[in-house]
Structure formats: C-alpha cells, structure tokens
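Written below as structure tokens is the structure these notes are about.
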Number of protein chains: 2
Amino acid sequence: MPDTDINFEQVRQAAERIRPIAKRTPVMTSASFDAAAGVAAFFKCENLQKGGAFKIRGASNFIFSMSKEQLAKGVVAHSSGNHAQAVAIAAQFVGAPATVVMPQDAPRSKMEGTRARGASIVTYDRFAGNREGLAEQIAKESGATIVPPYDHPWTIAGQGTAAKELLEEVPDLDALAVCTGGGGLMAGSSIAAKHLRPSIRIFGIEPELASDTYQSFQKGERVRIQIPSTIADGLRSVSPGALTFPIIQRNVEQMLLVSEEEIREMVKFMLLRLKILVEPSGAVAPAAVFFKKLPAGVKRVGVIISGGNVDFETLASL
Amino acid sequence: MPDTDINFEQVRQAAERIRPIAKRTPVMTSASFDAAAGVAAFFKCENLQKGGAFKIRGASNFIFSMSKEQLAKGVVAHSSGNHAQAVAIAAQFVGAPATVVMPQDAPRSKMEGTRARGASIVTYDRFAGNREGLAEQIAKESGATIVPPYDHPWTIAGQGTAAKELLEEVPDLDALAVCTGGGGLMAGSSIAAKHLRPSIRIFGIEPELASDTYQSFQKGERVRIQIPSTIADGLRSVSPGALTFPIIQRNVEQMLLVSEEEIREMVKFMLLRLKILVEPSGAVAPAAVFFKKLPAGVKRVGVIISGGNVDFETLASL
C-alpha cells in the first residue's frame with residue numbers, strides 16, 4: 001500500500017478503534033525542565049500507557065482491523081519488547097493466540113510483561129539471528145498474521161493517535177519532538193500533528209549510536225547501519241521503514257541526535273524531578289529539547305515520552 | 001478556632017484560591033494493581049503535584065489567605081521536607097520571604113528543592129532539637145508568620161482539595177484510603193469526600209512504626225508516641241493534631257497499619273508497574289489496599305499518593 005494512503009482520517013478512525021484498550025495518557029509539564037531548557041515543554045506520557053509504551057496504539061489498531069478468520073489463526077510479532085507486549089495485550093483482548101519473537105537479551109521486564117499476557121515467546125540471538133525470518137517462518141507454518149512493528153499503514157495510523165491527543169489538549173504548539181526507531185511513531189505523529197496544526201515544526205530524534213534515520217535523511221534515501229548498541233533498546237533499528245521514511249522526509253524539518261550520556265541524564269531527571277519512570281528510548285526526545293538541540297526559535301514544544309519499561313537493575317546502574 | 005469551622009465550603013474556596021499554583025493532578029489506574037489487590041483502585045497522583053507532594057495545596061491556601069502586611073514580614077515553616085518546599089514555593093509565588101526549619105537528616109532532594117526556591121534553611125537535630133520552639137523563636141524575632149504543616153483550618157481546607165478533585169473525577173467510589181501523619185491531608189480529604197459522597201467509607205493509613213493516630217483512634221484521645229523511625233519520613237509525627245484528630249475521629253471508619261517491608265514493596269511496584277516515583281510516605285496508602293488491609297466489601301477505592309520526593313540513594317537502597 002503506498003504511503004499516500006495514510007492520512008489523518010485513518011488516524012481519526014484508529015483513535016475510535018483503540019478507545020476500548022488504549023488510555024488517554026496525561027500531558028505533563030515541569031517548571032524546572034522549562035527553566036533549564038528555555039522552552040515550555042508538554043510531555044505526552046506514553047510511559048503511563050497500557051503496556052508501558054505507545055506501542056499498544058499501533059498494535060491494537062492493527063489487530064482490531066483484522067478479520068475474525070485471520071484472528072482465529074493468531075498473530076506473530078518480532079520486537080525488542082514494547083511492541084511484543086502490546087501485541088500480546090491486544091491479542092488477549094480479542095482472544096487471539098499470540099507468538100512473540102524477542103531477542104534473548106531483551107529487558108526482563110518486557111519479557112515478563114509479554115508472557116504474563118498469555119503470549120508464547122520465541123527468543124533469538126540479536127547479533128546472529130534473523131528475527132524477521134523467524135517470524136515469517138512461524139507465520140507460514142501456523143497461518144498467523146505478522147503484526148508489523150512500524151512499517152504498515154494500520155500501525156502508523158495507530159501510533160499517530162498519541163500526537164492527535166496531545167495537539168487536542170495543547171493546540172498551540174510550535175514544535176513537536178519524537179524519537180525515531182523504525183519510524184512508526186515518528187511518521188504517525190507527523191501526519192496527525194501536521195493535519196491539526198499545519199504550521200508545526202517537527203523534529204525527529206535518535207541516539208548518536210543509532211542514527212539510521214538521521215543518515216538516511218541526510219542522504220535522501222534509506223541507509224542501513226550496523227546493529228546499534230545504544231542504551232535506548234527500543235531504537236536499535238538498522239534502517240527506517242519503506243513506508244515510514246517518505247512520510248518522515250515529507251514532514252520532518254530536521255533529524256537530531258543525542259548522546260548516551262544525555263539519554264542517561266534525562267532518565268534521571270525525569271525520575272527525580274517529574275517523578276515518572278522513562279525508559280532510555282523514551283528519554284531521547286526530551287533529552288534533545290533539554291540539551292538544546294532544537295533551533296532557538298522554538299518556544300512551545302510537544303514531546304512524546306515513548307515508554308517506561310525499565311528493569312530495576314538497569315535503573316540501579318544509572 | 002474550633003474544628004466545626006472547617007467544612008466543604010472552605011475546601012471549595014481553597015480550590016479557587018490555589019488554582020494559580022497547584023496542578024490538577026492526574027488520576028491513574030493499573031490493571032495489574034487491581035488484579036493483585038482485588039479492587040478497582042484510583043490513584044490521585046500528588047507525587048506529580050508542584051513541589052512533588054500534596055503539601056502545596058495547604059501551604060498556598062494558607063499563604064494566599066494572609067494579609068499583605070503579614071506577607072511582607074515573611075513566613076516560617078518547620079517540616080521534614082515536603083511542607084517546607086511547598087511553603088518556599090508558595091512564598092516565592094507571592095514574593096514573601098520564607099525561612100524553613102528542617103531536620104539535619106531530611107532527604108537531600110527535599111533540602112535542595114527548598115533552597116532552590118529561595119528560602120533560608122535552619123537545621124536542627126531531629127532527636128534532640130525542638131523544631132516548634134525554633135520556628136517560634138524565629139517568628140517572634142522577625143515578625144514572620146508560622147505556616148502550620150497540618151493543624152490549622154486553612155491548611156486542612158487546602159489539603160482537602162486533592163480529594164475534592166478525585167471525587168469530581170471518579171464520583172462513584174465506595175472507599176478512600178489516605179496516609180496519616182499530623183492528619184492534615186486525612187482530615188481535609190475526609191471533609192471533602194464525605195460532603196461529595198456521604199456514603200463513602202474512609203480509611204486512614206499509617207506505618208506500624210508511626211502509629212500515633214492509630215493508637216489515639218483506639219484510645220479515643222490524642223496519644224503521644226516516641227519519635228518514629230519509619231522509612232516513611234513524611235509520617236514521623238508523634239501525635240495527631242488538636243484540630244485534625246476530632247475530624248478524623250468523626251469521619252474515619254478505621255485506622256490501618258502497614259509494615260516497612262510492605263511500604264518498600266509498594267514503592268517498587270509503583271515505580272516498575274505504574275511508572276511513577278512515589279516516596280515511602282506516599283506508598284503507605286496504596287500498600288494498605290494492595291496488601292488487603294481494607295474490609296473485604298470495598299470494591300472501588302480512591303487512594304491518595306501523597307508525594308514523590310525520594311533521593312536517588314534511597315531509591316537505589318531498595
């Protein structure tokens with residue numbers, strides 16, 4: 001399906017479709033963040049979302065769009081964790097069997113969350129295995145449907161509902177900062193935000209150690225990088241999606257990068273000052289704002305906090 | 001002033017008065033908490049309040065009720081931390097000088113937060129000094145007004161605004177659980193909740209190691225205990241207030257106790273599952289619900305999360 005098929009109407013329909021399962025997450029502000037960053041920031045707290053991340057939006061929009069016949073054969077997902085957990089939750093909600101392909105070294109909290117939702121887990125070695133291949137094999141053998149983590153119109157439209165809610169609550173933003181892995185959240189957010197506020201300036205944020213979309217954006221075509229080792233485990237994509245990338249090219253003004261140290265500092269700041277637990281991937285967008293990577297003209301910026309699934313051990317290591 | 005002077009009308013007026021400074025905090029729910037506790041719990045997240053605790057409500061209601069002449073002479077507060085920080089914030093908001101008397105061993109985050117708000121800090125030894133005496137001396141010498149942490153109608157009415165917001169958002173609660181230190185939050189919450197929902201059952205919660213109100217409640221008169229050493233540093237009161245106690249006696253069905261281990265477990269659960277940072281005092285009320293201290297008939301319970309100011313060191317020690 002060409003990307004031109006993905007527009008705000010699909011985001012609006014997704015919002016209706018996922019209402020029974022996804023929470024309308026709070027938008028938080030912080031006087032101390034604003035003072036340090038020199039902007040007014042509005043945090044869309046998807047770390048407080050069901051399943052601990054925005055991923056339930058795309059996963060449930062996809063699964064709730066499937067036919068009964070497809071659902072009966074089940075769903076398969078491959079994911080570093082949050083997408084897997086979301087697929088498990090959405091599948092359980094409609095009574096469909098779910099199988100999840102996860103890297104062996106995925107955070108324990110994400111594995112446990114997925115298993116607790118009744119999904120079967122198949123693990124692979126992140127540096128050797130081929131998760132797409134494994135998922136395809138499972139799908140072929142069982143007749144189950146693969147729920148794409150980002151590169152599908154249903155997934156992208158679902159992820160866009162977070163920005164839709166944010167803009168509805170705070171309409172007069174002049175910028176939006178969104179972390180970028182495969183680009184589902186980034187693409188969906190940009191579609192929703194540009195529709196609701198055409199003048200909004202959109203910035204995509206990545207870790208320096210996982211700059212696949214940054215590099216692709218500079219080059220004007222999709223670049224494939226080595227498997228990244230950033231602490232932001234949700235953003236270890238090697239390439240932006242075939243569907244997400246053109247949307248990002250069209251809507252995003254600039255891709256920006258943050259260091260591992262900046263990500264760590266932001267996790268701590270969010271915890272101790274805003275009192276919310278944000279996973280490293282979720283700290284990437286606020287870190288870009290806090291450490292002043294955005295152009296100086298930006299005054300009121302929406303920031304999507306993508307998730308909050310962290311192990312206590314990882315947290316203690318900070 | 002007799003306690004009969006404190007009624008819902010004062011809470012309503014307080015809500016208007018503090019609107020420019022206090023946030024309307026979100027009410028959160030958690031499917032995993034509910035499944036474990038066997039209830040539907042609605043968490044009023046005062047850890048996400050300005051200053052990191054409900055205390056800004058009472059402190060700002062008090063300070064905003066003072067005359068210009070009184071404000072010019074400044075305010076004094078004695079507090080284990082959250083009240084002090086709240087007084088500093090509210091005083092800064094109206095440009096009044098603030099002095100705060102804090103124990104030497106108050107959490108560093110609370111001291112820093114207070115100092116960052118432009119207040120002067122005077123410390124004392126919690127096991128030897130007399131903080132009330134010290135505050136009175138400062139007030140006497142400077143003409144400043146002491147902002148009482150709990151035992152004043154303005155403070156109590158201000159604290160009651162949290163329960164007012166909770167009941168407005170979730171009207172059909174059959175119970176309310178509130179932690180109890182000096183009793184300002186407990187008394188104010190009970191006034192607001194009983195007015196908005198007369199059938200509501202109200203439970204006060206304390207740490208086993210700081211059971212001054214529990215013991216007073218059993219005996220029918222205010223009991224004074226040894227200075228408690230509970231991890232819940234905001235609830236180390238030695239006695240309920242002269243004003244707060246009769247209100248508690250009238251409105252509270254039962255005082256309940258939680259162990260130090262239960263408090264610690266709840267801080268961890270709130271962090272890893274709800275993704276919010278709750279200080280030990282703030283974990284006391286949800287711990288009572290989670291560990292099933294409430295009567296079996298309770299189905300829909302409002303729980304006030306009183307605050308979220310924790311040092312990273314304290315957190316790591318869990």
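If you're wondering about the labels, chains in the structure tokens are A, B, ... by order shown, residues count from 1 in each chain, ligands from 1 in order shown.
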Give me, as a ChimeraX atom specification, the residues of chain B touching chain A, with the criterion being at most 7 Å (counting only C-alpha atoms). /B:26,47-48,271,274-277,308,316
(request) Considering only C-alpha atoms, return as a PyMOL selection string whatever protein or nucleic-acid residues lie within 9 Å of Ile263 of chain B, sequence-local ones (same chain, fewer than 4 positions apart) excluded. (result) chain B and resi 207+231-232+258-259+267-268+280-288
- Query: Can you list, as an MDAnalysis selection string, every protein, DNA or RNA residue that comes within 9 Å of segment 80-96 of chain B when you count only C-alpha atoms, leaving out same-chain residues fewer than 3 positions away?
  - Reply: chainID B and resid 21 50:61 63:64 71:77 99:103 105:107 109:120 147:149 233:236 307 309
Across A:Glu265, A:Asp151, A:Glu9, A:Asp125, the smallest distance to Gln104 of chain A, with only C-alpha atoms counted, is shown by A:Asp125
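Among the candidates B:Ser216, B:Ser237, B:Ser229, B:Ser189, the residue lying nearest to Val303 of chain B is B:Ser189 (atoms considered: only C-alpha atoms).
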- Query: Near segment 192-201 of chain A, within 10 Å and counting only C-alpha atoms, which residues show up once chain neighbours fewer than 4 positions away are dropped, as a PyMOL selection string?
  - Reply: chain A and resi 7-12+157+159-168+171-177+187-188+251-254+298+301-302
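Running DSSP on the backbone gives strand (DSSP E) for these residues within segment 53-102 of chain B: Val75, Val76, Ala77, His78, Ala98, Thr99, Val100, Val101 and Met102 of chain B.
The space between atom CA of Arg250 of chain B and atom CA of Ala22 of chain B spans 28.1 Å.
The closest residue to Leu294 of chain B, picked from B:Ile202, B:Ala14, B:Ala139, B:Ile6 and counting only C-alpha atoms, is B:Ile202.
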